[in-house]
file target.txt (compact mmCIF, N, CA and C atoms)
# COMPACT_ATOMS: atom_id res chain seq x y z
N MET A 1 146.00 121.74 38.99
CA MET A 1 145.86 120.57 38.13
C MET A 1 146.40 119.34 38.85
N SER A 2 145.67 118.27 38.76
CA SER A 2 146.07 117.03 39.43
C SER A 2 147.20 116.35 38.67
N ASN A 3 148.07 115.73 39.40
CA ASN A 3 149.13 114.96 38.75
C ASN A 3 148.89 113.47 38.91
N LYS A 4 147.68 113.09 39.32
CA LYS A 4 147.33 111.69 39.50
C LYS A 4 147.02 111.05 38.15
N ARG A 5 147.46 109.78 38.03
CA ARG A 5 147.26 109.02 36.80
C ARG A 5 146.37 107.82 37.13
N ILE A 6 145.31 107.63 36.35
CA ILE A 6 144.36 106.54 36.56
C ILE A 6 144.33 105.64 35.33
N LEU A 7 144.51 104.36 35.56
CA LEU A 7 144.40 103.36 34.50
C LEU A 7 142.98 102.80 34.50
N VAL A 8 142.30 102.88 33.37
CA VAL A 8 140.96 102.34 33.19
C VAL A 8 141.08 101.06 32.40
N ILE A 9 140.61 99.94 32.98
CA ILE A 9 140.63 98.65 32.29
C ILE A 9 139.19 98.21 32.10
N ASP A 10 138.71 98.30 30.86
CA ASP A 10 137.33 97.94 30.54
C ASP A 10 137.28 97.59 29.06
N ASP A 11 136.59 96.51 28.72
CA ASP A 11 136.52 96.08 27.32
C ASP A 11 135.51 96.87 26.49
N ASP A 12 134.64 97.64 27.13
CA ASP A 12 133.61 98.39 26.42
C ASP A 12 134.14 99.77 26.04
N PRO A 13 134.30 100.04 24.73
CA PRO A 13 134.84 101.34 24.32
C PRO A 13 133.98 102.52 24.75
N CYS A 14 132.68 102.35 24.82
CA CYS A 14 131.79 103.44 25.25
C CYS A 14 132.03 103.78 26.72
N ILE A 15 132.16 102.76 27.55
CA ILE A 15 132.44 102.99 28.98
C ILE A 15 133.80 103.64 29.14
N ARG A 16 134.80 103.18 28.39
CA ARG A 16 136.13 103.80 28.48
C ARG A 16 136.07 105.28 28.09
N GLU A 17 135.28 105.59 27.06
CA GLU A 17 135.17 106.98 26.63
C GLU A 17 134.49 107.84 27.70
N ILE A 18 133.43 107.31 28.30
CA ILE A 18 132.73 108.04 29.37
C ILE A 18 133.66 108.24 30.57
N LEU A 19 134.38 107.18 30.94
CA LEU A 19 135.33 107.29 32.06
C LEU A 19 136.44 108.29 31.74
N TYR A 20 136.93 108.25 30.52
CA TYR A 20 137.98 109.18 30.11
C TYR A 20 137.49 110.62 30.27
N MET A 21 136.32 110.90 29.74
CA MET A 21 135.77 112.26 29.82
C MET A 21 135.56 112.68 31.27
N SER A 22 134.97 111.81 32.06
CA SER A 22 134.70 112.13 33.46
C SER A 22 135.98 112.38 34.24
N LEU A 23 136.92 111.47 34.11
CA LEU A 23 138.14 111.56 34.91
C LEU A 23 139.09 112.65 34.43
N SER A 24 139.18 112.84 33.11
CA SER A 24 140.12 113.85 32.61
C SER A 24 139.51 115.25 32.64
N GLU A 25 138.26 115.39 32.22
CA GLU A 25 137.65 116.71 32.13
C GLU A 25 137.12 117.20 33.47
N VAL A 26 136.42 116.36 34.20
CA VAL A 26 135.85 116.77 35.49
C VAL A 26 136.90 116.64 36.59
N GLY A 27 137.65 115.55 36.58
CA GLY A 27 138.60 115.29 37.65
C GLY A 27 140.01 115.81 37.42
N ASN A 28 140.32 116.19 36.19
CA ASN A 28 141.66 116.67 35.85
C ASN A 28 142.74 115.61 36.06
N TYR A 29 142.40 114.36 35.90
CA TYR A 29 143.37 113.27 36.04
C TYR A 29 143.93 112.90 34.67
N GLU A 30 145.12 112.36 34.67
CA GLU A 30 145.68 111.77 33.46
C GLU A 30 145.07 110.37 33.37
N VAL A 31 144.51 110.02 32.25
CA VAL A 31 143.83 108.73 32.09
C VAL A 31 144.56 107.89 31.06
N ILE A 32 144.82 106.64 31.44
CA ILE A 32 145.41 105.65 30.56
C ILE A 32 144.33 104.59 30.36
N GLU A 33 144.16 104.12 29.14
CA GLU A 33 143.10 103.15 28.86
C GLU A 33 143.67 101.81 28.42
N ALA A 34 142.99 100.75 28.84
CA ALA A 34 143.30 99.39 28.40
C ALA A 34 141.99 98.69 28.08
N SER A 35 141.95 98.02 26.92
CA SER A 35 140.71 97.40 26.46
C SER A 35 140.58 95.93 26.84
N SER A 36 141.57 95.40 27.56
CA SER A 36 141.49 94.00 28.00
C SER A 36 142.27 93.84 29.29
N GLY A 37 142.01 92.75 29.98
CA GLY A 37 142.73 92.47 31.21
C GLY A 37 144.22 92.32 30.99
N ARG A 38 144.60 91.60 29.97
CA ARG A 38 146.02 91.37 29.68
C ARG A 38 146.74 92.68 29.37
N THR A 39 146.12 93.51 28.54
CA THR A 39 146.70 94.81 28.22
C THR A 39 146.77 95.69 29.47
N GLY A 40 145.75 95.60 30.30
CA GLY A 40 145.72 96.37 31.54
C GLY A 40 146.84 95.99 32.49
N LEU A 41 147.12 94.70 32.60
CA LEU A 41 148.24 94.25 33.45
C LEU A 41 149.57 94.79 32.93
N THR A 42 149.76 94.70 31.63
CA THR A 42 150.99 95.21 31.03
C THR A 42 151.13 96.71 31.29
N GLU A 43 150.04 97.43 31.09
CA GLU A 43 150.06 98.88 31.28
C GLU A 43 150.27 99.25 32.75
N ALA A 44 149.70 98.50 33.66
CA ALA A 44 149.88 98.77 35.09
C ALA A 44 151.34 98.62 35.48
N CYS A 45 152.00 97.60 34.97
CA CYS A 45 153.42 97.39 35.26
C CYS A 45 154.28 98.47 34.62
N ARG A 46 153.92 98.88 33.42
CA ARG A 46 154.71 99.86 32.68
C ARG A 46 154.56 101.27 33.24
N SER A 47 153.32 101.69 33.49
CA SER A 47 153.07 103.09 33.83
C SER A 47 152.91 103.36 35.32
N ARG A 48 152.74 102.31 36.12
CA ARG A 48 152.57 102.48 37.57
C ARG A 48 151.57 103.59 37.91
N PRO A 49 150.31 103.40 37.58
CA PRO A 49 149.31 104.44 37.84
C PRO A 49 149.07 104.64 39.34
N ASP A 50 148.45 105.76 39.68
CA ASP A 50 148.11 106.04 41.06
C ASP A 50 146.86 105.28 41.50
N ALA A 51 146.04 104.86 40.55
CA ALA A 51 144.84 104.07 40.82
C ALA A 51 144.43 103.35 39.55
N ILE A 52 143.63 102.29 39.74
CA ILE A 52 143.11 101.51 38.61
C ILE A 52 141.61 101.40 38.76
N VAL A 53 140.88 101.70 37.68
CA VAL A 53 139.44 101.44 37.62
C VAL A 53 139.29 100.18 36.77
N LEU A 54 138.70 99.14 37.37
CA LEU A 54 138.69 97.81 36.76
C LEU A 54 137.28 97.26 36.63
N ASP A 55 136.92 96.89 35.41
CA ASP A 55 135.65 96.20 35.16
C ASP A 55 135.82 94.73 35.52
N LEU A 56 134.79 94.12 36.08
CA LEU A 56 134.89 92.70 36.44
C LEU A 56 134.55 91.77 35.28
N CYS A 57 133.59 92.17 34.44
CA CYS A 57 133.13 91.28 33.37
C CYS A 57 133.80 91.64 32.05
N MET A 58 134.85 90.88 31.72
CA MET A 58 135.56 91.07 30.46
C MET A 58 135.86 89.69 29.87
N PRO A 59 135.94 89.60 28.54
CA PRO A 59 136.28 88.32 27.92
C PRO A 59 137.76 87.97 28.11
N GLN A 60 138.10 86.74 27.85
CA GLN A 60 139.46 86.19 27.97
C GLN A 60 139.97 86.22 29.41
N MET A 61 140.25 87.39 29.95
CA MET A 61 140.73 87.50 31.32
C MET A 61 139.79 88.45 32.06
N ASP A 62 139.00 87.90 32.99
CA ASP A 62 138.04 88.74 33.70
C ASP A 62 138.74 89.58 34.78
N GLY A 63 137.98 90.51 35.34
CA GLY A 63 138.52 91.42 36.33
C GLY A 63 139.07 90.74 37.57
N MET A 64 138.45 89.64 37.98
CA MET A 64 138.94 88.92 39.16
C MET A 64 140.35 88.36 38.93
N GLU A 65 140.61 87.85 37.73
CA GLU A 65 141.95 87.35 37.42
C GLU A 65 142.95 88.51 37.33
N VAL A 66 142.53 89.61 36.75
CA VAL A 66 143.39 90.79 36.70
C VAL A 66 143.74 91.22 38.12
N LEU A 67 142.73 91.26 38.97
CA LEU A 67 142.94 91.66 40.37
C LEU A 67 143.92 90.73 41.07
N ARG A 68 143.76 89.42 40.86
CA ARG A 68 144.68 88.45 41.48
C ARG A 68 146.12 88.68 41.01
N GLN A 69 146.28 88.92 39.72
CA GLN A 69 147.63 89.13 39.19
C GLN A 69 148.23 90.47 39.63
N LEU A 70 147.40 91.49 39.73
CA LEU A 70 147.88 92.78 40.23
C LEU A 70 148.37 92.62 41.67
N HIS A 71 147.59 91.90 42.46
CA HIS A 71 147.93 91.72 43.87
C HIS A 71 149.17 90.83 44.06
N ALA A 72 149.39 89.92 43.13
CA ALA A 72 150.53 88.99 43.23
C ALA A 72 151.85 89.63 42.80
N CYS A 73 151.80 90.72 42.07
CA CYS A 73 153.00 91.36 41.54
C CYS A 73 153.46 92.47 42.49
N GLN A 74 154.70 92.41 42.90
CA GLN A 74 155.22 93.38 43.86
C GLN A 74 155.11 94.83 43.36
N SER A 75 155.28 95.04 42.07
CA SER A 75 155.26 96.41 41.55
C SER A 75 153.85 97.00 41.41
N THR A 76 152.80 96.15 41.49
CA THR A 76 151.44 96.66 41.33
C THR A 76 150.54 96.39 42.53
N GLN A 77 150.99 95.62 43.50
CA GLN A 77 150.10 95.20 44.58
C GLN A 77 149.63 96.34 45.48
N MET A 78 150.33 97.46 45.51
CA MET A 78 149.94 98.57 46.38
C MET A 78 149.08 99.62 45.66
N ILE A 79 148.81 99.42 44.38
CA ILE A 79 147.98 100.37 43.63
C ILE A 79 146.53 100.18 44.04
N PRO A 80 145.85 101.25 44.49
CA PRO A 80 144.43 101.11 44.84
C PRO A 80 143.59 100.79 43.61
N VAL A 81 142.64 99.87 43.78
CA VAL A 81 141.78 99.44 42.69
C VAL A 81 140.34 99.80 43.01
N ILE A 82 139.66 100.38 42.04
CA ILE A 82 138.24 100.69 42.13
C ILE A 82 137.54 99.75 41.17
N ILE A 83 136.67 98.92 41.70
CA ILE A 83 135.91 97.98 40.86
C ILE A 83 134.71 98.70 40.28
N LEU A 84 134.50 98.51 39.00
CA LEU A 84 133.36 99.06 38.28
C LEU A 84 132.59 97.88 37.70
N SER A 85 131.32 97.73 38.09
CA SER A 85 130.57 96.57 37.63
C SER A 85 129.10 96.88 37.47
N ALA A 86 128.49 96.23 36.50
CA ALA A 86 127.04 96.35 36.29
C ALA A 86 126.29 95.30 37.09
N ILE A 87 127.00 94.34 37.66
CA ILE A 87 126.37 93.23 38.36
C ILE A 87 126.70 93.33 39.85
N ALA A 88 125.72 93.81 40.61
CA ALA A 88 125.93 94.05 42.03
C ALA A 88 126.32 92.78 42.79
N SER A 89 125.83 91.63 42.36
CA SER A 89 126.13 90.39 43.08
C SER A 89 127.60 89.99 42.98
N LEU A 90 128.32 90.52 42.01
CA LEU A 90 129.75 90.22 41.87
C LEU A 90 130.61 91.03 42.82
N VAL A 91 130.02 92.09 43.39
CA VAL A 91 130.80 93.04 44.18
C VAL A 91 130.63 92.75 45.67
N ASN A 92 131.72 92.41 46.32
CA ASN A 92 131.75 92.19 47.76
C ASN A 92 133.03 92.83 48.28
N LEU A 93 132.91 94.07 48.77
CA LEU A 93 134.09 94.83 49.17
C LEU A 93 134.88 94.15 50.26
N ASP A 94 134.20 93.49 51.21
CA ASP A 94 134.92 92.78 52.27
C ASP A 94 135.84 91.71 51.70
N ARG A 95 135.33 90.98 50.72
CA ARG A 95 136.11 89.90 50.11
C ARG A 95 137.24 90.45 49.24
N LEU A 96 137.03 91.59 48.61
CA LEU A 96 137.99 92.13 47.66
C LEU A 96 139.00 93.09 48.29
N SER A 97 138.72 93.61 49.47
CA SER A 97 139.60 94.63 50.05
C SER A 97 140.99 94.10 50.34
N SER A 98 141.11 92.80 50.59
CA SER A 98 142.43 92.24 50.85
C SER A 98 143.30 92.22 49.59
N GLN A 99 142.71 92.46 48.44
CA GLN A 99 143.46 92.48 47.17
C GLN A 99 143.60 93.89 46.62
N GLY A 100 143.45 94.89 47.47
CA GLY A 100 143.68 96.26 47.06
C GLY A 100 142.47 97.03 46.58
N VAL A 101 141.28 96.43 46.67
CA VAL A 101 140.07 97.12 46.23
C VAL A 101 139.66 98.11 47.32
N VAL A 102 139.58 99.39 46.95
CA VAL A 102 139.24 100.43 47.91
C VAL A 102 137.82 100.95 47.74
N GLU A 103 137.19 100.62 46.62
CA GLU A 103 135.83 101.11 46.36
C GLU A 103 135.19 100.26 45.29
N THR A 104 133.88 100.15 45.36
CA THR A 104 133.12 99.51 44.29
C THR A 104 132.08 100.50 43.80
N ILE A 105 131.99 100.59 42.49
CA ILE A 105 131.05 101.52 41.87
C ILE A 105 130.21 100.72 40.89
N LEU A 106 128.90 100.84 41.03
CA LEU A 106 128.00 100.12 40.15
C LEU A 106 127.64 100.95 38.93
N LYS A 107 127.56 100.28 37.79
CA LYS A 107 127.08 100.91 36.56
C LYS A 107 125.55 100.87 36.60
N PRO A 108 124.88 101.89 36.18
CA PRO A 108 125.39 103.18 35.72
C PRO A 108 125.88 104.02 36.90
N PHE A 109 126.81 104.91 36.62
CA PHE A 109 127.40 105.75 37.66
C PHE A 109 127.24 107.22 37.26
N ASP A 110 127.41 108.10 38.22
CA ASP A 110 127.29 109.54 37.98
C ASP A 110 128.66 110.07 37.55
N CYS A 111 128.75 110.52 36.32
CA CYS A 111 130.02 111.01 35.76
C CYS A 111 130.56 112.24 36.49
N LEU A 112 129.67 113.03 37.05
CA LEU A 112 130.10 114.26 37.71
C LEU A 112 130.68 114.01 39.10
N THR A 113 130.22 112.95 39.77
CA THR A 113 130.72 112.66 41.12
C THR A 113 131.79 111.58 41.13
N LEU A 114 131.99 110.90 40.02
CA LEU A 114 132.96 109.80 39.96
C LEU A 114 134.38 110.23 40.36
N PRO A 115 134.91 111.33 39.83
CA PRO A 115 136.28 111.71 40.24
C PRO A 115 136.41 111.93 41.75
N ASP A 116 135.40 112.54 42.35
CA ASP A 116 135.44 112.77 43.80
C ASP A 116 135.34 111.45 44.58
N ARG A 117 134.55 110.51 44.09
CA ARG A 117 134.46 109.20 44.76
C ARG A 117 135.80 108.48 44.72
N ILE A 118 136.48 108.55 43.58
CA ILE A 118 137.78 107.91 43.46
C ILE A 118 138.81 108.59 44.36
N ALA A 119 138.81 109.92 44.37
CA ALA A 119 139.73 110.67 45.23
C ALA A 119 139.51 110.33 46.70
N ALA A 120 138.26 110.24 47.10
CA ALA A 120 137.95 109.91 48.50
C ALA A 120 138.39 108.48 48.83
N ALA A 121 138.13 107.54 47.93
CA ALA A 121 138.50 106.14 48.17
C ALA A 121 140.00 105.97 48.27
N CYS A 122 140.74 106.77 47.51
CA CYS A 122 142.20 106.69 47.51
C CYS A 122 142.85 107.62 48.53
N HIS A 123 142.02 108.37 49.26
CA HIS A 123 142.49 109.31 50.28
C HIS A 123 143.36 110.42 49.69
N TRP A 124 143.03 110.83 48.48
CA TRP A 124 143.79 111.91 47.84
C TRP A 124 143.38 113.27 48.37
N ASN A 125 142.16 113.37 48.90
CA ASN A 125 141.68 114.66 49.42
C ASN A 125 142.33 115.00 50.75
N SER A 126 142.80 114.01 51.47
CA SER A 126 143.36 114.25 52.80
C SER A 126 144.85 114.51 52.78
N ALA A 127 145.45 114.49 51.61
CA ALA A 127 146.91 114.70 51.52
C ALA A 127 147.28 116.16 51.58

call {"tool": "encode", "arguments": {"input": "target.txt", "output": "structure tokens"}}
result
Amino acid sequence: MSNKRILVIDDDPCIREILYMSLSEVGNYEVIEASSGRTGLTEACRSRPDAIVLDLCMPQMDGMEVLRQLHACQSTQMIPVIILSAIASLVNLDRLSSQGVVETILKPFDCLTLPDRIAAACHWNSA
């Protein structure tokens, strides 16, 4: 059983439910959910997850602002971030990698391979 904890930050409850099922049931990860950027930042500081899955398009505080604040905070800047987005033009791994982004995944995604993609991006398989 994995002892890795993943924080999912996405405003869409259906996407959070799909991610929860994929990551907890297929990947055996502990999943923490946040429905907004602000809540996600608070939860990241509180729970110190092993990785964060972050949606870019959210109301009030979008994923880019969440990413900037995660990177600016000493306690969260080293947490690997996986960007999840439905808009391919928003995703530029070269531009985002300096802020801790290790992978970008476009919606729709394959629920069965998602846990392995996250593990590979975070180098959990090589440990």

call {"tool": "closest_residue", "arguments": {"input": "target.txt", "among": "A:Thr113, A:Ser98, A:Ser24, A:Gln69", "to": "Asn3 of chain A", "atoms": "only C-alpha atoms"}}
result
A:Ser24

call {"tool": "atom_distance", "arguments": {"input": "target.txt", "atom1": "atom CA of Val8 of chain A", "atom2": "atom CA of Phe109 of chain A"}}
result
14.7 Å

call {"tool": "select_by_dssp", "arguments": {"input": "target.txt", "residues": "segment 3-121 of chain A", "states": "strand (DSSP E)", "output": "number ranges by chain"}}
result
A: 5-9, 30-34, 51-55, 81-85, 101-106

call {"tool": "residues_around", "arguments": {"input": "target.txt", "residues": "Gln60 of chain A", "least_positions_apart": "6", "cutoff": "8 Å", "atoms": "all atoms listed in the file", "output": "list in words"}}
result
Ser36, Gly37 and Arg38 of chain A

call {"tool": "residues_around", "arguments": {"input": "target.txt", "residues": "Glu103 of chain A", "least_positions_apart": "4", "cutoff": "6 Å", "atoms": "all atoms listed in the file", "output": "JSON, numbers by chain"}}
result
{"A": [81, 82, 83, 121]}

call {"tool": "residues_around", "arguments": {"input": "target.txt", "residues": "Ala72 of chain A", "least_positions_apart": "6", "cutoff": "12 Å", "atoms": "only C-alpha atoms", "output": "PyMOL selection string"}}
result
chain A and resi 41+45+65-66+78-79+98-100

call {"tool": "atom_distance", "arguments": {"input": "target.txt", "atom1": "atom CA of Arg46 of chain A", "atom2": "atom N of Val26 of chain A"}}
result
24.7 Å

call {"tool": "atom_distance", "arguments": {"input": "target.txt", "atom1": "atom N of Arg16 of chain A", "atom2": "atom CA of Pro80 of chain A"}}
result
19.2 Å

call {"tool": "select_by_dssp", "arguments": {"input": "target.txt", "residues": "chain A", "states": "alpha helix (DSSP H)", "output": "PyMOL selection string"}}
result
chain A and resi 13-20+37-47+63-72+93-96+114-121

call {"tool": "closest_residue", "arguments": {"input": "target.txt", "among": "A:Leu7, A:Ala86, A:Leu56, A:Met61", "to": "Ile32 of chain A", "atoms": "all atoms listed in the file"}}
result
A:Leu7

call {"tool": "residues_near_point", "arguments": {"input": "target.txt", "point": "(139.1, 105.1, 40.7)", "cutoff": "6 Å", "atoms": "only C-alpha atoms", "output": "PyMOL selection string"}}
result
chain A and resi 51-53+82+118
